[in-house]
Amino acid sequence: MNYDFTEIEAKWQEYWAKNQTFKAENNSDKEKFYVLDMFPYPSGAGLHVGHPLGYIASDIYARYKRHKGFNVLHPMGYDSFGLPAEQYAIQTGQHPAITTETNIARYRDQLDKIGFSFDWSREVRTSTPQYYKWTQWIFIQLFNSWYNNDTNKAEDIATLTALFEKEGNATVNAVCDEDIIVFTAEEWNAFDTKKQQELLLQYRLTYLADTEVNWCPGLGTVLANDEIVNGVSERGGHPVIRKKMTQWSMRISAYAQRLLDDLTTVDWPQPLKDSQTNWIGRSQGASVTFQILPPTPSKGEGATPGYMTGGNNAHLLLERAKEMRNNPTEAEAILWERLKGKNIGDKFRRQHLIADFIVDFVCLSKKLIVEVDGAIHEEQKEADQSRTDVLNARGFKVVRFTNEQVIGDLDAVLNNIITELSNSKEVPPSGVRGIDVFTTRPDTIFGVSFMTLAPEHELVAKITTPEQKAEVEAYIEATAKRSERERMADVKTISGAFTGAYAEHPFTKEPVPIWIGDYVLAGYGTGAVMAVPCGDQRDYDFAKKFNIAIPNVFEGVDISEEAHADKDKTVIANSDFLNGLPYKKAMKLAIYELEKIGQGKGKINYRLRDAVFSRQRYWGEPFPVYYVDGMPQMIDAKHLPIALPEVEKYLPTETGEPPLGNATVWAWDTVSNQVVDNSKINNTTVWPLELNTMPGWAGSSFYFNRYMDPNNTEAIFSEEAINYWQDVDLYIGGSEHATGHLLYARFWQKFLFDKGVVPKNEFAKKLINQGMITGTSAFVYGFGPGFSVNVSNKEDLQKYSEVLEMKKYVISKESYENAVKGDYDIVVKNIITNRIKDFASVGLVAELDSSFDGTFLPVRVDVKYLIGTTDVLDIERLKEDPLFSFLKKAEFKLNSDDEYIVGREVEKMSKSKYNVVSPDSICVGYGADSLRLYEMFLGPLEQSKPWNTAGITGTHGFLKKLWRLYVDDNGIKVTDTEASKDNLKTLHKTIKKVEEDIENFSFNTSVSTFMIAVNELSAQKCTSREVLEALVILVSPYAPHIAEELWSKLGHTNSISTAPFPKFEASHLVESSKEYPVSFNGKMRFKLELPMDFTKDQIEEVVMAHEKTIQQLAGRTPKKVIIVPGKIINIVG
RNA sequence: GCUCGAGUGGCGGAAUUGGUAGACGCGCUGGAUUCAAAAUCCAGUUCCUCUGGAGUGUGGGUUCGAUUCCCACCUCGAGUACCA
């Protein structure tokens, strides 16, 4: 009986499916064990052999744990919302749900063929309403929560409103927006509902806000930071620009510290932890306020600061303002005649830039804006209102007059303006406000010799002096033009400009010049730094470039060449009260002193930003949100799920709204509590629904919990289920999820933990990153058109290309390698000669052009055209493939065996490199068990390693050998004969090693161990049931099909999957003698068999008398003899 | 640049607390079996100036003894990108 893997594997896969062998019970007396694979996105390309690597490892572990008596949860499902299906839908019109369904079916088919022990009754898909009902549910929970810093956890929003009602927000210690206003309980209670909702949004854990987002025009959506790689989108590689949009955000920053701290409590790979630590980017230091000095007469000629009030786009609007000034309307002209100079007591300016608006007239000292409008339309009113709001926010009062008023009754208008002017208080110069900076080195505060603001900093326009205005504006314009990518790529060029303004050093009271420079990022900290050139290389370089002083505040440190950024062993000098103190003490004291004068305090800063949660896409979870007067409202959880609506097309609408804007049935009826036709929107009971959808990471941030009770329709999961399964014991997946999925999932888990929904603060105890399997591409080496030919007319040119077309050559790798070195072998020389003859035959004079480097060209061919597992190319089949039609006429130069051997090179496995090997073809040729063993055998799980199909004959051969140990031509040959000592020794050695290996996730070495065991037992001609029955259980996690088959042949009627793992007994490994290695000066020279119970002295006696020892020593007397009984003998001398 | 990981035969890799470097497999070579091939089995396979010697990226160190520990450097891979 031969090992017929095809039949065996089909048989057992059917058996497992039919008997639900791997169904996990939520009620069990057994100890639980949860093994999880990272959620796959079912892509259209299907699996290649690299994908199942992690699945095989986790499956082995899951099966092992079942043998060890655990109740194992080992589920699988699909993260099925996502961009590729939607992109495909846009191109073809095919509904993404259909594409997704097809892809999943293919995935499932491939997975089934590898024999995984998944509990398929628990399968989930993020794109089904039954699943995303709970994604929406969690979103609502986040909306209804705020983060209380005092209790250090998320709490229901009701506890916050209760506080507001009682004592306002002054005493609330919450994670919230930066720009909150302070209000009392009375004020809160007096606010209307809309105002209250607005204020609450600043506290909610998911909130709607205007945020600078990464907008990707190519994909028509915003992207999270982790979805951008090198300044372009991760998917598709489209450019990304910064844009301000109203978006849902997740207040993940509230959890920054806990996400960092709890990394120490999980057993995850260090590089992964490092990358999260990095991403969170905690830095401890102080925030320090520098007062801005009023301009001194010598510097500013008495000019009042605060003249520059433009916003970020000032440089673009200035031209327009000039133009408008030159072309005033009639009413504007009349009014300006009366306002200009100081005709009515205060100085007015016209067509002045404030924020991003050009206002008609402004009195800066009184912060009064006068606007003259033409005919007023309804829409214009709305726009004007929002403009007024912005200006009000900047402290300006806006009065409006119509053209008619100005022309008709100018005096009344002027009186009105004079009244407003007298009402408004004198505005203090902006100099009294300070610049806030964050620094990690408050100990070096006496080394500050300048300050640098980001060019985008809002203060820049306010403090720049008239003298410096032109330079500063030119610089801002120049940096604005540089794209984000350029700025990132070029960190060497130091640039900046002086604002002309000065700040006051908090301790020395010395003036500190304020510069702007693009090495300061607007998005980090406060967008401003106190520059300490002696202690920071960037500040140092900047100071050198612009000739700014570099005071040294370090004792005994030379800073003539570069800054001294070291903290340890640094002693502070030239720093008043900090003199002589080491770094840590100086830091504490500096903060203490800053606090004393009210100009600073200790602060911890995080790089982690709140996560943008809106996507302008169709194929994602809809938000359970509708809008009343522009304020978002949650739909009650009992009406979930809010199903994704049907749309005509999957593109943004003509007005630029997200694809859901195309839906005609997408409004919320608050009476019937259902989604209704848009035509019913009446803004009283029927309201518009949210048009954005959720990002890809929403559904994958809690799926591991949903698997515990995936079909529950009443709750996200039952309490019994979550309390039994608790968390994931082993999580296996790729390292590419380090800062995306794994950070967001931890965030949601902590939130759900705070809310008492889950019992564990972290969802996965142990995590392993499996390495990549790379492909081995196949190359042939073409001989290109490296000839210079005298071509004088069109006809010649025609002939020239005909000759080139007529014959193409593919040379061997050796010929190629020599040829590129300029060393032409006989084959190449012949080709050249023939080629020249060919040209001559049509009357052309040709000559080899050795300077042309495309003469010899490696070309990738598909690895499926290699014969068997060899490197021999099947030229005929290759030539039939239209993809390789360019080789159709090529003449392949064969070797002496009449074969063409391709060159191989290791590269990433990808379709475009023609090196993809699919698991299906391996299963057909060698079987799933061979594939499983081979994937493990390739090398350590965590490392990346190249795939080479040829090697699979090794594990396949092993399985055949294993089979023959149990079965011969007459069937099963196992007997009840007693096991020999050697049999037991081999068995128990194997049990010990395999158990240790699995526990250490060292699967490659246990495959070797099996091979050794089978080799030994075959040599011993072992037929003992006792030994062979144990062996088949050991092998079963790795090669489950053959194990089941042999198990049943051994007479068992149940599945092997829960058979108890054999118990290791050390007694079988006890040896009576040891073959000692005898070394001389640490080099092993010969071996010596000695009894185990020999003492050191006995060993020394025998060894010293040994003839080989005498020969080695050649008369010398050893200085020392090291003997470690049971280990080694080393003779020194 | 910074952080992390890795460098061992022709190839994938093994060596558990510092104790026989190259297990196991691929490939290759030779042999057996066969009309022949496949399959299977047996033997060999780190290198060299080969009764000996050298050798785990390079150079140094600690040790009786180093792939393993320490220092410096080189190469490759991954992550990150002016984070104050």
# chains A, B, ... in the order shown; residues from 1 in each chain; ligands from 1
call {"tool": "interface_residues", "arguments": {"of": "chain B", "to": "chain A", "cutoff": "7 Å", "atoms": "only C-alpha atoms (C1' of nucleotides)", "output": "list in words"}}
result
C4, G12, G13, G19, U20, C24, G25, C26, C64, G65, G79, C82, C83 and A84 of chain B
call {"tool": "write_last_selection", "arguments": {"atoms": "C-alpha atoms (C1' of nucleotides)", "output": "PDB file, in the first residue's frame"}}
result
ATOM      1  C1'   C B   4      15.794  47.169  15.866  1.00  0.00           C
ATOM      2  C1'   G B  12      17.534  26.506   3.379  1.00  0.00           C
ATOM      3  C1'   G B  13      19.345  26.121   7.997  1.00  0.00           C
ATOM      4  C1'   G B  19      31.838  22.716  26.209  1.00  0.00           C
ATOM      5  C1'   U B  20      32.399  17.624  19.773  1.00  0.00           C
ATOM      6  C1'   C B  24      18.209  17.680   9.293  1.00  0.00           C
ATOM      7  C1'   G B  25      16.885  18.587   4.271  1.00  0.00           C
ATOM      8  C1'   C B  26      17.923  20.313  -0.840  1.00  0.00           C
ATOM      9  C1'   C B  64      41.233  26.103  29.879  1.00  0.00           C
ATOM     10  C1'   G B  65      37.579  26.593  25.929  1.00  0.00           C
ATOM     11  C1'   G B  79      10.937  50.328  10.852  1.00  0.00           C
ATOM     12  C1'   C B  82      14.097  67.496  11.299  1.00  0.00           C
ATOM     13  C1'   C B  83       9.551  65.058  17.376  1.00  0.00           C
ATOM     14  C1'   A B  84      12.554  70.255  20.115  1.00  0.00           C
TER      15        A B  84
END
call {"tool": "select_by_dssp", "arguments": {"residues": "range 656-769 of chain A", "states": "alpha helix (DSSP H)", "output": "JSON, numbers by chain"}}
result
{"A": [703, 704, 705, 706, 719, 720, 721, 722, 723, 724, 725, 741, 742, 743, 744, 745, 746, 747, 748, 749, 750, 751, 752, 753, 754]}
call {"tool": "residues_around", "arguments": {"residues": "Gln351 in chain A", "least_positions_apart": "5", "cutoff": "7 Å", "atoms": "only C-alpha atoms (C1' of nucleotides)", "output": "PDB file with all heavy atoms, in the first residue's frame"}}
result
ATOM      1  N   ALA A 321      -5.528  91.753  -2.621  1.00  0.00           N
ATOM      2  CA  ALA A 321      -5.864  92.917  -1.804  1.00  0.00           C
ATOM      3  C   ALA A 321      -5.402  94.194  -2.520  1.00  0.00           C
ATOM      4  O   ALA A 321      -6.119  95.187  -2.583  1.00  0.00           O
ATOM      5  CB  ALA A 321      -5.217  92.808  -0.435  1.00  0.00           C
ATOM      6  N   MET A 324      -7.715  94.985  -5.307  1.00  0.00           N
ATOM      7  CA  MET A 324      -8.991  95.506  -4.845  1.00  0.00           C
ATOM      8  C   MET A 324      -8.858  96.951  -4.371  1.00  0.00           C
ATOM      9  O   MET A 324      -9.759  97.763  -4.528  1.00  0.00           O
ATOM     10  CB  MET A 324      -9.563  94.635  -3.735  1.00  0.00           C
ATOM     11  CG  MET A 324     -10.068  93.295  -4.254  1.00  0.00           C
ATOM     12  SD  MET A 324     -10.384  92.121  -2.946  1.00  0.00           S
ATOM     13  CE  MET A 324     -11.894  92.782  -2.262  1.00  0.00           C
ATOM     14  N   ARG A 325      -7.721  97.242  -3.780  1.00  0.00           N
ATOM     15  CA  ARG A 325      -7.475  98.600  -3.314  1.00  0.00           C
ATOM     16  C   ARG A 325      -7.483  99.580  -4.495  1.00  0.00           C
ATOM     17  O   ARG A 325      -7.960 100.685  -4.390  1.00  0.00           O
ATOM     18  CB  ARG A 325      -6.104  98.656  -2.639  1.00  0.00           C
ATOM     19  CG  ARG A 325      -6.184  98.935  -1.151  1.00  0.00           C
ATOM     20  CD  ARG A 325      -4.836  98.769  -0.517  1.00  0.00           C
ATOM     21  NE  ARG A 325      -4.796  97.558   0.279  1.00  0.00           N
ATOM     22  CZ  ARG A 325      -3.677  96.985   0.667  1.00  0.00           C
ATOM     23  NH1 ARG A 325      -2.501  97.444   0.301  1.00  0.00           N
ATOM     24  NH2 ARG A 325      -3.732  95.899   1.403  1.00  0.00           N
ATOM     25  N   ILE A 358      -9.992  89.220   3.072  1.00  0.00           N
ATOM     26  CA  ILE A 358      -9.643  90.614   2.842  1.00  0.00           C
ATOM     27  C   ILE A 358     -10.843  91.430   3.317  1.00  0.00           C
ATOM     28  O   ILE A 358     -11.949  91.297   2.784  1.00  0.00           O
ATOM     29  CB  ILE A 358      -9.382  90.886   1.356  1.00  0.00           C
ATOM     30  CG1 ILE A 358      -8.221  90.021   0.878  1.00  0.00           C
ATOM     31  CG2 ILE A 358      -9.085  92.366   1.142  1.00  0.00           C
ATOM     32  CD1 ILE A 358      -8.083  89.976  -0.622  1.00  0.00           C
ATOM     33  N   VAL A 359     -10.645  92.223   4.380  1.00  0.00           N
ATOM     34  CA  VAL A 359     -11.774  93.017   4.881  1.00  0.00           C
ATOM     35  C   VAL A 359     -11.707  94.390   4.222  1.00  0.00           C
ATOM     36  O   VAL A 359     -10.633  94.850   3.811  1.00  0.00           O
ATOM     37  CB  VAL A 359     -11.747  93.140   6.423  1.00  0.00           C
ATOM     38  CG1 VAL A 359     -11.815  91.756   7.048  1.00  0.00           C
ATOM     39  CG2 VAL A 359     -10.536  93.907   6.917  1.00  0.00           C
ATOM     40  N   ASP A 360     -12.869  95.058   4.168  1.00  0.00           N
ATOM     41  CA  ASP A 360     -12.903  96.349   3.467  1.00  0.00           C
ATOM     42  C   ASP A 360     -12.115  97.409   4.231  1.00  0.00           C
ATOM     43  O   ASP A 360     -11.199  98.004   3.704  1.00  0.00           O
ATOM     44  CB  ASP A 360     -14.364  96.786   3.269  1.00  0.00           C
ATOM     45  CG  ASP A 360     -15.082  95.869   2.275  1.00  0.00           C
ATOM     46  OD1 ASP A 360     -14.373  95.224   1.475  1.00  0.00           O
ATOM     47  OD2 ASP A 360     -16.323  95.779   2.314  1.00  0.00           O
ATOM     48  N   PHE A 361     -12.498  97.605   5.509  1.00  0.00           N
ATOM     49  CA  PHE A 361     -11.797  98.606   6.328  1.00  0.00           C
ATOM     50  C   PHE A 361     -11.585  98.034   7.717  1.00  0.00           C
ATOM     51  O   PHE A 361     -12.428  97.318   8.246  1.00  0.00           O
ATOM     52  CB  PHE A 361     -12.628  99.899   6.436  1.00  0.00           C
ATOM     53  CG  PHE A 361     -12.998 100.463   5.097  1.00  0.00           C
ATOM     54  CD1 PHE A 361     -14.273 100.257   4.581  1.00  0.00           C
ATOM     55  CD2 PHE A 361     -12.062 101.178   4.342  1.00  0.00           C
ATOM     56  CE1 PHE A 361     -14.616 100.747   3.328  1.00  0.00           C
ATOM     57  CE2 PHE A 361     -12.409 101.670   3.099  1.00  0.00           C
ATOM     58  CZ  PHE A 361     -13.681 101.466   2.586  1.00  0.00           C
TER      59      PHE A 361
END
call {"tool": "atom_distance", "arguments": {"atom1": "CA of Asp727 in chain A", "atom2": "CA of Arg63 in chain A"}}
result
18.6 Å
call {"tool": "closest_residue", "arguments": {"among": "A:Gly868, A:Arg860, A:Phe886, A:Asp267", "to": "Lys807 in chain A", "atoms": "only C-alpha atoms"}}
result
A:Phe886
call {"tool": "residues_around", "arguments": {"residues": "range 502-504 of chain A", "least_positions_apart": "4", "cutoff": "10 Å", "atoms": "only C-alpha atoms (C1' of nucleotides)", "output": "VMD selection string"}}
result
chain A and resid 289 to 296 299 431 434 to 435 450 to 451 463 to 464 498 508 to 515
call {"tool": "residues_around", "arguments": {"residues": "Val625 in chain A", "least_positions_apart": "5", "cutoff": "8 Å", "atoms": "only C-alpha atoms (C1' of nucleotides)", "output": "MDAnalysis selection string"}}
result
chainID A and resid 632:635 689:690
call {"tool": "write_last_selection", "arguments": {"atoms": "all heavy atoms", "output": "CSV table (one decimal), in the first residue's frame"}}
result
chain,number,residue,atom,x,y,z
A,632,PRO,N,-24.1,66.3,14.9
A,632,PRO,CA,-24.3,64.9,14.8
A,632,PRO,C,-25.1,64.3,15.9
A,632,PRO,O,-25.0,64.6,17.0
A,632,PRO,CB,-22.9,64.4,14.8
A,632,PRO,CG,-22.1,65.4,15.6
A,632,PRO,CD,-22.8,66.7,15.3
A,633,GLN,N,-26.0,63.4,15.5
A,633,GLN,CA,-26.9,62.7,16.5
A,633,GLN,C,-26.7,61.2,16.3
A,633,GLN,O,-26.6,60.7,15.2
A,633,GLN,CB,-28.3,63.0,16.3
A,633,GLN,CG,-28.6,64.5,16.1
A,633,GLN,CD,-28.4,65.2,17.4
A,633,GLN,OE1,-28.6,64.7,18.5
A,633,GLN,NE2,-27.9,66.5,17.2
A,634,MET,N,-26.6,60.4,17.4
A,634,MET,CA,-26.4,59.0,17.3
A,634,MET,C,-27.8,58.4,17.2
A,634,MET,O,-28.8,58.8,17.9
A,634,MET,CB,-25.8,58.4,18.6
A,634,MET,CG,-24.3,58.8,18.8
A,634,MET,SD,-23.2,58.2,17.5
A,634,MET,CE,-22.6,59.8,16.9
A,635,ILE,N,-27.9,57.4,16.3
A,635,ILE,CA,-29.1,56.6,16.2
A,635,ILE,C,-29.1,55.6,17.4
A,635,ILE,O,-28.0,55.0,17.7
A,635,ILE,CB,-29.2,55.8,14.9
A,635,ILE,CG1,-29.4,56.9,13.8
A,635,ILE,CG2,-30.3,54.8,14.9
A,635,ILE,CD1,-29.1,56.3,12.4
A,689,LEU,N,-28.4,61.6,6.7
A,689,LEU,CA,-27.5,60.7,7.3
A,689,LEU,C,-26.1,61.0,7.0
A,689,LEU,O,-25.8,61.7,5.9
A,689,LEU,CB,-27.8,59.2,7.0
A,689,LEU,CG,-28.9,58.6,7.7
A,689,LEU,CD1,-29.5,57.4,7.0
A,689,LEU,CD2,-28.5,58.1,9.1
A,690,GLU,N,-25.1,60.6,7.8
A,690,GLU,CA,-23.7,60.8,7.5
A,690,GLU,C,-23.3,60.1,6.2
A,690,GLU,O,-23.7,59.0,5.9
A,690,GLU,CB,-22.9,60.1,8.7
A,690,GLU,CG,-21.4,60.0,8.5
A,690,GLU,CD,-20.7,61.3,8.6
A,690,GLU,OE1,-20.8,61.9,9.7
A,690,GLU,OE2,-19.9,61.6,7.7
call {"tool": "select_by_dssp", "arguments": {"residues": "range 930-1054 of chain A", "states": "strand (DSSP E or B)", "output": "PyMOL selection string"}}
result
chain A and resi 945-946+967-968+971-972+975+1024
call {"tool": "residues_around", "arguments": {"residues": "U68 in chain B", "least_positions_apart": "6", "cutoff": "12 Å", "atoms": "only C-alpha atoms (C1' of nucleotides)", "output": "list of chain:residue names"}}
result
B:A15, B:U16, B:U17, B:G18, B:G19, B:A21, B:U56
call {"tool": "residues_around", "arguments": {"residues": "range 70-77 of chain B", "least_positions_apart": "6", "cutoff": "9 Å", "atoms": "only C-alpha atoms (C1' of nucleotides)", "output": "PyMOL selection string"}}
result
chain B and resi 5-7+57-62
